[in-house]
Amino acid sequence: MSLNLEEKKAIVAEVSAQVANAQAIIMAEYRGMEVGQMTQLRAKAREAGIYFRVIKNTLVRRAVADTPYAGLAEHMVGPLAYGISENPVAAAKVLHEFSKENEKFVIKVGAMGENVMSKEDVTALAILPSREELLSKLLGTMQAPIAKFVQTLNEVPTKFVRGLAAVRDSK
């Protein structure tokens with residue numbers, strides 16, 4: 001069913017608003033997928049705060065024109081679904097995980113700002129640890145020297161007490 005001009009303008013405006021706040025756009029081909037699978041993906045995307053939608057490529061080309069994502073226009077061929085997110089890792093993770101489960105859902109290309117990313121780049125972005133994991137690793141790394149220092153300081157009196165216990169036991 002075709003859209004009239006007003007509906008098309010509304011979709012372009014909606015996508016333009018999402019692109020203006022986006023940190024990443026991931027494009028994937030969904031050829032041959034069932035409706036139930038797409039519904040599952042939409043639910044996962046919604047939970048992660050990702051704007052996920054199947055839109056005509058011509059409308060998205062208009063929405064990304066004159067933005068840092070204009071380089072994606074040449075890759076907009078075929079039936080594509082668009083994942084637009086303020087958190088680039090979240091978008092890549094959700095779409096990558098879904099593509100591993102469903103062979104008909106194939107990530108084609110992505111972009112972060114002016115940098116167009118290949119499928120391999122999107123996969124690399126998807127396997128990055130989350131922000132919370134990185135912060136906990138950093139905190140553990142910062143804490144390790146202090147903990148080791150305290151452990152070393154604690155060893156001196158412990159060894160002294162063990163030495164006294166050994167002398168006591170020998171007498």
# chains A, B, ... in the order shown; residues from 1 in each chain; ligands from 1

$ residues_around --residues "segment 72-81 of chain A" --least-positions-apart "3" --cutoff "10 Å" --atoms "only C-alpha atoms" --output "MDAnalysis selection string"
chainID A and resid 25:32 38 52:58 60:65 68:69 84 105:111 114:117

$ select_by_dssp --residues "chain A" --states "alpha helix (DSSP H)" --output "JSON, numbers by chain"
{"A": [5, 6, 7, 8, 9, 10, 11, 12, 13, 14, 15, 16, 17, 18, 19, 20, 21, 35, 36, 37, 38, 39, 40, 41, 42, 43, 44, 45, 46, 47, 57, 58, 59, 60, 61, 62, 63, 64, 88, 89, 90, 91, 92, 93, 94, 95, 96, 97, 98, 99, 100, 101, 119, 120, 121, 122, 123, 124, 125, 126, 131, 132, 133, 134, 135, 136, 137, 138, 139, 140, 141, 142, 143, 144, 145, 146, 147, 148, 149, 150, 151, 152, 153, 154, 155, 156, 157, 158, 159, 160, 161, 162, 163, 164, 165, 166, 167, 168, 169, 170]}

$ residues_around --residues "Phe98 of chain A" --least-positions-apart "3" --cutoff "12 Å" --atoms "only C-alpha atoms" --output "tab-separated table (two decimals) with C-alpha atoms, in the first residue's frame"
chain	number	residue	atom	x	y	z
A	28	ALA	CA	20.24	-5.22	7.96
A	30	TYR	CA	15.49	-9.16	6.41
A	33	MET	CA	11.88	-13.57	7.62
A	37	GLN	CA	10.54	-13.21	14.13
A	38	MET	CA	10.37	-9.52	13.23
A	39	THR	CA	7.97	-8.96	16.12
A	40	GLN	CA	10.47	-10.57	18.51
A	41	LEU	CA	13.26	-8.38	17.14
A	42	ARG	CA	11.14	-5.24	17.50
A	43	ALA	CA	10.42	-6.13	21.13
A	44	LYS	CA	14.13	-6.68	21.89
A	45	ALA	CA	15.01	-3.42	20.18
A	91	ALA	CA	22.18	-1.34	18.67
A	92	ALA	CA	25.03	-3.49	17.45
A	93	LYS	CA	24.56	-6.05	20.25
A	94	VAL	CA	20.82	-6.52	19.77
A	95	LEU	CA	20.97	-6.80	15.98
A	101	GLU	CA	19.86	-16.78	15.86
A	102	ASN	CA	18.22	-16.10	12.47
A	103	GLU	CA	20.21	-16.74	9.33
A	104	LYS	CA	17.77	-14.77	7.17
A	105	PHE	CA	18.51	-11.57	9.09
A	106	VAL	CA	21.84	-10.33	7.72
A	107	ILE	CA	23.60	-7.19	8.92
A	123	THR	CA	30.34	-7.46	14.86
A	126	ALA	CA	28.74	-5.85	19.26

$ select_by_dssp --residues "segment 27-168 of chain A" --states "strand (DSSP E or B)" --output "list in words"
Met27, Ala28, Glu29, Tyr51, Phe52, Arg53, Val54, Leu80, Ala81, Tyr82, Gly83, Ile84, Ser85, Val106, Ile107, Lys108, Val109, Gly110, Ala111, Met112, Asn115, Val116 and Met117 of chain A

$ write_last_selection --atoms "N, CA and C atoms" --output "compact mmCIF listing (two decimals), in the first residue's frame"
# COMPACT_ATOMS: atom_id res chain seq x y z
N MET A 27 22.18 -1.16 9.46
CA MET A 27 21.23 -1.58 8.44
C MET A 27 21.37 -3.09 8.23
N ALA A 28 20.23 -3.77 8.14
CA ALA A 28 20.24 -5.22 7.96
C ALA A 28 19.17 -5.64 6.97
N GLU A 29 19.49 -6.68 6.22
CA GLU A 29 18.54 -7.22 5.27
C GLU A 29 17.70 -8.29 5.97
N TYR A 51 15.54 2.56 18.07
CA TYR A 51 14.49 2.85 17.09
C TYR A 51 14.72 1.88 15.95
N PHE A 52 13.83 0.90 15.82
CA PHE A 52 13.98 -0.14 14.80
C PHE A 52 12.77 -0.11 13.90
N ARG A 53 13.02 0.01 12.60
CA ARG A 53 11.90 0.14 11.69
C ARG A 53 12.30 -0.29 10.28
N VAL A 54 11.33 -0.81 9.56
CA VAL A 54 11.49 -1.10 8.14
C VAL A 54 10.89 0.08 7.40
N LEU A 80 15.61 -3.44 3.55
CA LEU A 80 16.45 -3.17 4.72
C LEU A 80 15.62 -2.75 5.92
N ALA A 81 16.11 -3.17 7.08
CA ALA A 81 15.56 -2.71 8.35
C ALA A 81 16.63 -1.82 8.97
N TYR A 82 16.21 -0.76 9.63
CA TYR A 82 17.15 0.21 10.19
C TYR A 82 17.05 0.22 11.71
N GLY A 83 18.20 0.10 12.35
CA GLY A 83 18.30 0.22 13.80
C GLY A 83 19.06 1.49 14.11
N ILE A 84 18.39 2.44 14.74
CA ILE A 84 18.99 3.74 15.05
C ILE A 84 19.01 3.89 16.56
N SER A 85 20.19 4.22 17.11
CA SER A 85 20.30 4.25 18.57
C SER A 85 21.26 5.33 19.04
N VAL A 106 20.42 -10.53 8.00
CA VAL A 106 21.84 -10.33 7.72
C VAL A 106 22.19 -8.85 7.87
N ILE A 107 23.14 -8.57 8.76
CA ILE A 107 23.60 -7.19 8.92
C ILE A 107 24.44 -6.84 7.70
N LYS A 108 24.12 -5.74 7.08
CA LYS A 108 24.81 -5.31 5.86
C LYS A 108 25.91 -4.29 6.16
N VAL A 109 25.54 -3.23 6.86
CA VAL A 109 26.48 -2.13 7.09
C VAL A 109 25.98 -1.30 8.27
N GLY A 110 26.86 -0.50 8.82
CA GLY A 110 26.49 0.38 9.91
C GLY A 110 27.29 1.67 9.80
N ALA A 111 26.99 2.60 10.67
CA ALA A 111 27.73 3.86 10.68
C ALA A 111 27.70 4.47 12.06
N MET A 112 28.83 5.05 12.42
CA MET A 112 28.94 5.86 13.63
C MET A 112 29.47 7.21 13.17
N ASN A 115 31.78 7.70 9.92
CA ASN A 115 32.48 6.44 9.67
C ASN A 115 31.49 5.33 9.29
N VAL A 116 31.58 4.87 8.07
CA VAL A 116 30.75 3.75 7.63
C VAL A 116 31.48 2.47 8.03
N MET A 117 30.73 1.56 8.67
CA MET A 117 31.33 0.33 9.19
C MET A 117 30.85 -0.87 8.38
